[in-house]
Amino acid sequence: MAHLTSSIDGNPSGTFQLDRDDMQIGRHPDCDIVVDAGAVSRFHAKIRRQGTEFAVEDAGSRNGTFVNGKLLARPHVLTEGDRIRISDVVLVFHGDETPGFASASGSGEMSFDGSSFGILMVDETSTKQITGPKVEFRSGDDGLKMTATAEAKLAALIAINSNLTGAISVDEVLPKVLSSLFQIFPSADRGFVVMETAEGALVPRWVQMRNKSDDTETVRISRTIIRQTMETGHTILSLDAMDDSRFDSSESIADFSIRSMMCAPLHDEDGKAIGALQIDSTQGRGQFRDEDIDLLTGIAAQASVVINNARMHEQALRQQEVEQDLKLATEVQHAFLPAHAPTVPTYHLESFYQAANHIGGDYFDYVDLPDGRVAVVVADVVGHGVAAAMYMAKLSAETRFCLASEPDLARAVERLNDRMSALEVQRFVTYLLVVIDPNSNELKIVNAGHMPPILRDHATQEICEPGEEDSGLPIAIDEGMEYAVTTVPMHAGDLAVMYTDGFSEALNLKEEEWGTDPIRNIVLKTQVKPNEQNSDASLAKLVKDEIVRQAFEHMGTAVQFDDMCLVIIERTENADGDVSGSICESLQSSSQGEREQSETINELDINDTLPADVT
């Protein structure tokens, strides 16, 4: 009986009986001779029996049919040994009996890619042997199928390992993996990798078609298969997905004409499914076998490693960008902070600032006021980092506006609180304002929930912390808060130390706080030594340096967890017209006066409520 044979590497590999009057050749599974190769059309050519003769004709294919190296323009009557070339597949016509190597099943179904598997190709002018991975035919209940040999699979796996070794860009590597899969699974029509986004959506990231002419077609993927693979965490093999009971509820599988398929999950470093790798075929059932599951699972595991490495690499690059942005933000924040202390007659100022991270939420500033006065502000925005720093920048601008537009210090802070509260940001600020007046011997203090300044009285060698009893709530807790001004005298040698809790709450490795007492002790006991009298070492600088040194000595190798800010005001000499007095004594007398005034008011209130005949 007349028949066609195919050759692989010069060796006979299959036979197709010409036992019908009309036989279709093409990619479509309904064809009598199914040829899955390069650019084969769905219905590529046909062979017709005319009496005792057979003729081949092209069926309007895209890439043409060749007989003995010539493009077929009209039907050609076949003679013994004629070679029909369709894409990279060569079929040889025989008019005599079937050769002994023919398949026992006699099936006319064939599935392979000639360009990838060493098919004997016939050129228009000459013939040449294309070397490459080998394939072999297998016969079973589902007909004659092509599969890669063990050598072919090994070569493809080596290629995959080579591509994946040291890879950091999945966009470049995974398409090569998909190409290698076509070598391992010659029956596959397409392969793709689907990844799950942070929002839970499935997005195709890499798609590859065996037939390059199909690359422009819209790729349709069944979410049912992908979801089931990711949920179970196991590779799924379906000999015929359209008849698979696991996918009964999915109309998309039938719509997409998915027949044989395998789908393997991709996992992150924690074992969570992040996507899937799938290959499938529309060329009839049973294109893949049970032993292929382990192979695809292993490849998917390798691909998962690459994807995770690439994601970590991308995260590292993004982190570098963030760190660069933070570095720039640090420079911007330093621009908000004073570059140097102002010159105030008879006063000397020292400061220290160090953020826990690149940028911080602690804030200090010097604001020039009318009549030569200078406002010193120390504040602590709750939290630290970028958000706190941005809030600090807003606080800085609002502070300057409120102090410039409102001469009454208490009212200025009240307006600041109202404006920051109106932002409705879930943050608050402890805020300490000290105004230096070089025309008098006084400091004016407004405290909004901050630690009071530590003042050292040079005359009595005592320390006190004024304004604690007059402290209001922190800024931005609520609108309509009221604040009070506390006035204290300052004479030559007196100090006022303003600080944030980054110092008092500094932790060592045992998580022990440094506390406020060490700060008080340093303020009280630090003296300018006789040999330093004529040096540039001021008392304010000595105190600042000692506080910073002991704080970091307490922390040791522990990580700084909060921003640290320190401002010290020193009265260096008396001015003409200064009145003698003591800081702590003035506070005591002020407190006593306030108590007496309060008792008088209470007494008046009581008398006002008594009947006239009783008084």
# chains A, B, ... in the order shown; residues from 1 in each chain; ligands from 1

call {"tool": "residues_around", "arguments": {"residues": "range 188-204 of chain A", "least_positions_apart": "3", "cutoff": "6 Å", "atoms": "only C-alpha atoms", "output": "number ranges by chain"}}
result
A: 185, 207-210, 274-281

call {"tool": "residues_around", "arguments": {"residues": "Phe428 in chain A", "least_positions_apart": "5", "cutoff": "6 Å", "atoms": "only C-alpha atoms", "output": "mmCIF file with N, CA and C atoms, in the first residue's frame"}}
result
data_model
loop_
_atom_site.group_PDB
_atom_site.id
_atom_site.type_symbol
_atom_site.label_atom_id
_atom_site.label_comp_id
_atom_site.auth_asym_id
_atom_site.auth_seq_id
_atom_site.Cartn_x
_atom_site.Cartn_y
_atom_site.Cartn_z
ATOM 1 N N VAL A 382 6.797 63.347 67.582
ATOM 2 C CA VAL A 382 6.668 61.952 67.975
ATOM 3 C C VAL A 382 7.103 61.064 66.803
ATOM 4 N N ILE A 475 2.051 70.267 71.307
ATOM 5 C CA ILE A 475 1.470 70.886 70.122
ATOM 6 C C ILE A 475 0.746 69.839 69.273
ATOM 7 N N ALA A 476 -0.419 70.224 68.735
ATOM 8 C CA ALA A 476 -1.195 69.453 67.750
ATOM 9 C C ALA A 476 -2.022 68.330 68.366
ATOM 10 N N ILE A 477 -2.177 68.323 69.695
ATOM 11 C CA ILE A 477 -3.102 67.352 70.290
ATOM 12 C C ILE A 477 -4.540 67.810 70.076
#

call {"tool": "select_by_dssp", "arguments": {"residues": "range 309-556 of chain A", "states": "helix (DSSP H, G or I)", "output": "PyMOL selection string"}}
result
chain A and resi 309-336+370-372+386-405+409-421+501-504+517-525+530-532+539-555

call {"tool": "closest_residue", "arguments": {"among": "A:Ala496, A:Ala397, A:Thr346, A:Ala388", "to": "Val376 in chain A", "atoms": "only C-alpha atoms"}}
result
A:Ala496
